[in-house]
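Asks: Sharing final.cif (mmCIF, N, CA and C atoms) below.
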data_target
loop_
_atom_site.group_PDB
_atom_site.id
_atom_site.type_symbol
_atom_site.label_atom_id
_atom_site.label_comp_id
_atom_site.auth_asym_id
_atom_site.auth_seq_id
_atom_site.Cartn_x
_atom_site.Cartn_y
_atom_site.Cartn_z
ATOM 1 N N MET A 1 0.830 -1.194 0.000
ATOM 2 C CA MET A 1 0.000 0.000 0.000
ATOM 3 C C MET A 1 0.873 1.255 0.000
ATOM 4 N N GLU A 2 1.883 1.282 0.886
ATOM 5 C CA GLU A 2 2.749 2.449 0.961
ATOM 6 C C GLU A 2 3.531 2.632 -0.338
ATOM 7 N N LEU A 3 3.915 1.512 -0.954
ATOM 8 C CA LEU A 3 4.657 1.577 -2.209
ATOM 9 C C LEU A 3 3.792 2.174 -3.317
ATOM 10 N N ALA A 4 2.517 1.792 -3.341
ATOM 11 C CA ALA A 4 1.603 2.326 -4.351
ATOM 12 C C ALA A 4 1.422 3.829 -4.184
ATOM 13 N N ILE A 5 1.316 4.277 -2.950
ATOM 14 C CA ILE A 5 1.159 5.711 -2.696
ATOM 15 C C ILE A 5 2.426 6.456 -3.103
ATOM 16 N N LYS A 6 3.583 5.876 -2.768
ATOM 17 C CA LYS A 6 4.858 6.508 -3.109
ATOM 18 C C LYS A 6 5.025 6.600 -4.627
ATOM 19 N N LEU A 7 4.652 5.537 -5.344
ATOM 20 C CA LEU A 7 4.754 5.547 -6.794
ATOM 21 C C LEU A 7 3.814 6.574 -7.409
ATOM 22 N N LYS A 8 2.627 6.701 -6.836
ATOM 23 C CA LYS A 8 1.663 7.672 -7.348
ATOM 24 C C LYS A 8 2.165 9.104 -7.150
ATOM 25 N N LEU A 9 2.789 9.376 -5.997
ATOM 26 C CA LEU A 9 3.351 10.699 -5.743
ATOM 27 C C LEU A 9 4.486 10.999 -6.704
ATOM 28 N N LEU A 10 5.326 10.012 -6.946
ATOM 29 C CA LEU A 10 6.430 10.180 -7.872
ATOM 30 C C LEU A 10 5.917 10.454 -9.278
ATOM 31 N N GLU A 11 4.879 9.722 -9.668
ATOM 32 C CA GLU A 11 4.280 9.913 -10.987
ATOM 33 C C GLU A 11 3.673 11.306 -11.113
ATOM 34 N N SER A 12 3.000 11.767 -10.062
ATOM 35 C CA SER A 12 2.370 13.090 -10.140
ATOM 36 C C SER A 12 3.430 14.192 -10.188
ATOM 37 N N ARG A 13 4.549 14.009 -9.475
ATOM 38 C CA ARG A 13 5.624 15.001 -9.555
ATOM 39 C C ARG A 13 6.211 15.054 -10.957
ATOM 40 N N ARG A 14 6.429 13.877 -11.535
ATOM 41 C CA ARG A 14 6.973 13.812 -12.887
ATOM 42 C C ARG A 14 6.012 14.462 -13.872
ATOM 43 N N LYS A 15 4.727 14.237 -13.672
ATOM 44 C CA LYS A 15 3.706 14.815 -14.537
ATOM 45 C C LYS A 15 3.695 16.339 -14.419
ATOM 46 N N GLN A 16 3.822 16.849 -13.203
ATOM 47 C CA GLN A 16 3.834 18.295 -12.996
ATOM 48 C C GLN A 16 5.055 18.931 -13.660
ATOM 49 N N ILE A 17 6.204 18.284 -13.544
ATOM 50 C CA ILE A 17 7.419 18.809 -14.168
ATOM 51 C C ILE A 17 7.266 18.812 -15.682
ATOM 52 N N HIS A 18 6.700 17.731 -16.219
ATOM 53 C CA HIS A 18 6.498 17.646 -17.663
ATOM 54 C C HIS A 18 5.536 18.727 -18.151
ATOM 55 N N LYS A 19 4.495 18.997 -17.364
ATOM 56 C CA LYS A 19 3.549 20.051 -17.734
ATOM 57 C C LYS A 19 4.236 21.412 -17.767
ATOM 58 N N LYS A 20 5.112 21.678 -16.802
ATOM 59 C CA LYS A 20 5.818 22.961 -16.784
ATOM 60 C C LYS A 20 6.728 23.101 -18.001
ATOM 61 N N VAL A 21 7.414 22.011 -18.352
ATOM 62 C CA VAL A 21 8.297 22.039 -19.520
ATOM 63 C C VAL A 21 7.485 22.283 -20.785
ATOM 64 N N LEU A 22 6.345 21.616 -20.904
ATOM 65 C CA LEU A 22 5.485 21.805 -22.071
ATOM 66 C C LEU A 22 4.943 23.234 -22.143
ATOM 67 N N GLU A 23 4.522 23.763 -21.027
ATOM 68 C CA GLU A 23 4.007 25.135 -21.018
ATOM 69 C C GLU A 23 5.084 26.126 -21.459
ATOM 70 N N GLN A 24 6.299 25.922 -20.998
ATOM 71 C CA GLN A 24 7.394 26.798 -21.396
ATOM 72 C C GLN A 24 7.679 26.664 -22.893
ATOM 73 N N ALA A 25 7.672 25.449 -23.403
ATOM 74 C CA ALA A 25 7.909 25.226 -24.832
ATOM 75 C C ALA A 25 6.807 25.866 -25.670
ATOM 76 N N ILE A 26 5.571 25.793 -25.190
ATOM 77 C CA ILE A 26 4.445 26.392 -25.904
ATOM 78 C C ILE A 26 4.605 27.911 -25.968
ATOM 79 N N HIS A 27 5.007 28.529 -24.860
ATOM 80 C CA HIS A 27 5.207 29.981 -24.852
ATOM 81 C C HIS A 27 6.315 30.389 -25.817
ATOM 82 N N GLU A 28 7.405 29.649 -25.816
ATOM 83 C CA GLU A 28 8.514 29.970 -26.717
ATOM 84 C C GLU A 28 8.102 29.790 -28.182
ATOM 85 N N LEU A 29 7.357 28.722 -28.461
ATOM 86 C CA LEU A 29 6.886 28.497 -29.825
ATOM 87 C C LEU A 29 5.957 29.612 -30.279
ATOM 88 N N HIS A 30 5.061 30.025 -29.403
ATOM 89 C CA HIS A 30 4.125 31.092 -29.755
ATOM 90 C C HIS A 30 4.882 32.366 -30.115
ATOM 91 N N ASN A 31 5.880 32.688 -29.308
ATOM 92 C CA ASN A 31 6.673 33.895 -29.581
ATOM 93 C C ASN A 31 7.398 33.789 -30.915
ATOM 94 N N SER A 32 7.963 32.625 -31.209
ATOM 95 C CA SER A 32 8.688 32.475 -32.474
ATOM 96 C C SER A 32 7.727 32.485 -33.669
ATOM 97 N N ILE A 33 6.521 31.953 -33.504
ATOM 98 C CA ILE A 33 5.531 31.987 -34.585
ATOM 99 C C ILE A 33 5.162 33.431 -34.912
ATOM 100 N N VAL A 34 4.917 34.218 -33.872
ATOM 101 C CA VAL A 34 4.571 35.625 -34.076
ATOM 102 C C VAL A 34 5.727 36.352 -34.765
ATOM 103 N N LEU A 35 6.932 36.067 -34.350
ATOM 104 C CA LEU A 35 8.105 36.696 -34.959
ATOM 105 C C LEU A 35 8.220 36.336 -36.442
ATOM 106 N N HIS A 36 7.979 35.059 -36.787
ATOM 107 C CA HIS A 36 8.051 34.639 -38.189
ATOM 108 C C HIS A 36 6.954 35.291 -39.031
ATOM 109 N N VAL A 37 5.782 35.455 -38.466
ATOM 110 C CA VAL A 37 4.693 36.097 -39.202
ATOM 111 C C VAL A 37 5.017 37.569 -39.447
ATOM 112 N N VAL A 38 5.573 38.223 -38.448
ATOM 113 C CA VAL A 38 5.941 39.629 -38.611
ATOM 114 C C VAL A 38 7.025 39.778 -39.685
ATOM 115 N N GLU A 39 7.928 38.800 -39.742
ATOM 116 C CA GLU A 39 9.008 38.847 -40.734
ATOM 117 C C GLU A 39 8.589 38.284 -42.098
ATOM 118 N N ASP A 40 7.327 37.942 -42.268
ATOM 119 C CA ASP A 40 6.779 37.384 -43.513
ATOM 120 C C ASP A 40 7.407 36.049 -43.908
ATOM 121 N N ASP A 41 7.761 35.239 -42.922
ATOM 122 C CA ASP A 41 8.286 33.888 -43.179
ATOM 123 C C ASP A 41 7.172 32.896 -42.819
ATOM 124 N N PHE A 42 6.169 32.810 -43.712
ATOM 125 C CA PHE A 42 4.970 32.025 -43.414
ATOM 126 C C PHE A 42 5.215 30.526 -43.433
ATOM 127 N N LYS A 43 6.196 30.080 -44.213
ATOM 128 C CA LYS A 43 6.493 28.647 -44.279
ATOM 129 C C LYS A 43 6.977 28.137 -42.916
ATOM 130 N N MET A 44 7.909 28.852 -42.322
ATOM 131 C CA MET A 44 8.425 28.451 -41.007
ATOM 132 C C MET A 44 7.347 28.607 -39.937
ATOM 133 N N ALA A 45 6.517 29.633 -40.055
ATOM 134 C CA ALA A 45 5.435 29.837 -39.091
ATOM 135 C C ALA A 45 4.441 28.675 -39.144
ATOM 136 N N LYS A 46 4.173 28.171 -40.347
ATOM 137 C CA LYS A 46 3.242 27.052 -40.484
ATOM 138 C C LYS A 46 3.803 25.786 -39.854
ATOM 139 N N ILE A 47 5.096 25.538 -40.065
ATOM 140 C CA ILE A 47 5.731 24.351 -39.478
ATOM 141 C C ILE A 47 5.691 24.424 -37.954
ATOM 142 N N LYS A 48 6.018 25.587 -37.422
ATOM 143 C CA LYS A 48 6.026 25.744 -35.964
ATOM 144 C C LYS A 48 4.614 25.733 -35.386
ATOM 145 N N SER A 49 3.639 26.183 -36.164
ATOM 146 C CA SER A 49 2.264 26.161 -35.657
ATOM 147 C C SER A 49 1.747 24.728 -35.534
ATOM 148 N N GLN A 50 2.195 23.840 -36.415
ATOM 149 C CA GLN A 50 1.818 22.427 -36.296
ATOM 150 C C GLN A 50 2.409 21.828 -35.025
ATOM 151 N N LEU A 51 3.649 22.174 -34.723
ATOM 152 C CA LEU A 51 4.279 21.718 -33.481
ATOM 153 C C LEU A 51 3.564 22.317 -32.274
ATOM 154 N N PHE A 52 3.141 23.560 -32.389
ATOM 155 C CA PHE A 52 2.385 24.238 -31.333
ATOM 156 C C PHE A 52 1.098 23.481 -31.018
ATOM 157 N N LEU A 53 0.373 23.077 -32.063
ATOM 158 C CA LEU A 53 -0.870 22.323 -31.867
ATOM 159 C C LEU A 53 -0.602 20.969 -31.212
ATOM 160 N N LYS A 54 0.485 20.328 -31.624
ATOM 161 C CA LYS A 54 0.859 19.034 -31.051
ATOM 162 C C LYS A 54 1.139 19.164 -29.556
ATOM 163 N N TYR A 55 1.885 20.196 -29.167
ATOM 164 C CA TYR A 55 2.197 20.410 -27.757
ATOM 165 C C TYR A 55 0.939 20.753 -26.962
ATOM 166 N N ASN A 56 0.034 21.511 -27.554
ATOM 167 C CA ASN A 56 -1.223 21.836 -26.864
ATOM 168 C C ASN A 56 -2.063 20.591 -26.619
ATOM 169 N N ARG A 57 -2.108 19.696 -27.608
ATOM 170 C CA ARG A 57 -2.844 18.443 -27.403
ATOM 171 C C ARG A 57 -2.235 17.623 -26.278
ATOM 172 N N ARG A 58 -0.922 17.568 -26.243
ATOM 173 C CA ARG A 58 -0.241 16.836 -25.163
ATOM 174 C C ARG A 58 -0.554 17.435 -23.798
ATOM 175 N N LEU A 59 -0.535 18.751 -23.741
ATOM 176 C CA LEU A 59 -0.813 19.427 -22.473
ATOM 177 C C LEU A 59 -2.245 19.170 -22.021
ATOM 178 N N LYS A 60 -3.191 19.184 -22.943
ATOM 179 C CA LYS A 60 -4.587 18.864 -22.603
ATOM 180 C C LYS A 60 -4.699 17.442 -22.075
ATOM 181 N N TYR A 61 -3.983 16.515 -22.715
ATOM 182 C CA TYR A 61 -4.014 15.110 -22.273
ATOM 183 C C TYR A 61 -3.449 14.968 -20.863
ATOM 184 N N LEU A 62 -2.391 15.697 -20.553
ATOM 185 C CA LEU A 62 -1.798 15.622 -19.232
ATOM 186 C C LEU A 62 -2.677 16.284 -18.183
ATOM 187 N N SER A 63 -3.480 17.247 -18.585
ATOM 188 C CA SER A 63 -4.312 17.984 -17.637
ATOM 189 C C SER A 63 -5.563 17.227 -17.233
ATOM 190 N N LEU A 64 -5.862 16.143 -17.898
ATOM 191 C CA LEU A 64 -7.072 15.386 -17.549
ATOM 192 C C LEU A 64 -6.999 14.754 -16.195
#
Would you kindly transcribe this structure into structure tokens?
Replies:
Amino acid sequence: MELAIKLKLLESRRKQIHKKVLEQAIHELHNSIVLHVVEDDFKMAKIKSQLFLKYNRRLKYLSL
């Protein structure tokens, strides 16, 4: 029983750290997408926006 609780706490800590890393990556991607759009580099903005959507889906899955 104690082992199960300890494993669950470890898993939740790992999940929280992963969520923070994803949130930071999403913010950085958003900033770079805006920068590419301002510079009229739409091809790179489109590629990064697909990655942005992928990270958002992952974050939603982790938040459940």
Asks: Any idea what the distance is between atom N of Lys19 (chain A) and atom N of Tyr55 (chain A)?
Replies: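 Distance reported for this atom pair: 12.1 Å.
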Asks: With distances taken over only C-alpha atoms, which residue among A:Leu51, A:Lys43, A:Ala4, A:Glu11 lies nearest His27 (chain A)?
Replies: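 Among A:Leu51, A:Lys43, A:Ala4, A:Glu11, it is A:Leu51 that comes nearest to His27 (chain A).
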Asks: Between CA of Lys48 (chain A) and CA of Lys15 (chain A), what is the spacing in Å?
Replies: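 One can read the CA of Lys15 (chain A) to CA of Lys48 (chain A) distance as 24.2 Å.
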Asks: Would you work out the distance separating CA of Glu39 (chain A) from atom C of Arg58 (chain A), expressed in Å to one decimal?
Replies: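 Taking CA of Glu39 (chain A) as the start and atom C of Arg58 (chain A) as the end point, the length is 28.9 Å.
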Asks: Hey, what comes out of the PyMOL selection byres (((chain A and resi 62 and name CA) around 9) and name CA) on this file? Could you write it as an MDAnalysis selection string?
Replies: chainID A and resid 15:16 18:19 57:61 63:64
Asks: When distances are computed from all atoms listed in the file, which of A:Leu9, A:Glu23, A:Ile33, A:Arg14 shows the smallest separation from Ala45 (chain A)?
Replies: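 Of A:Leu9, A:Glu23, A:Ile33, A:Arg14, the one nearest Ala45 (chain A), counting all atoms listed in the file, is A:Ile33.
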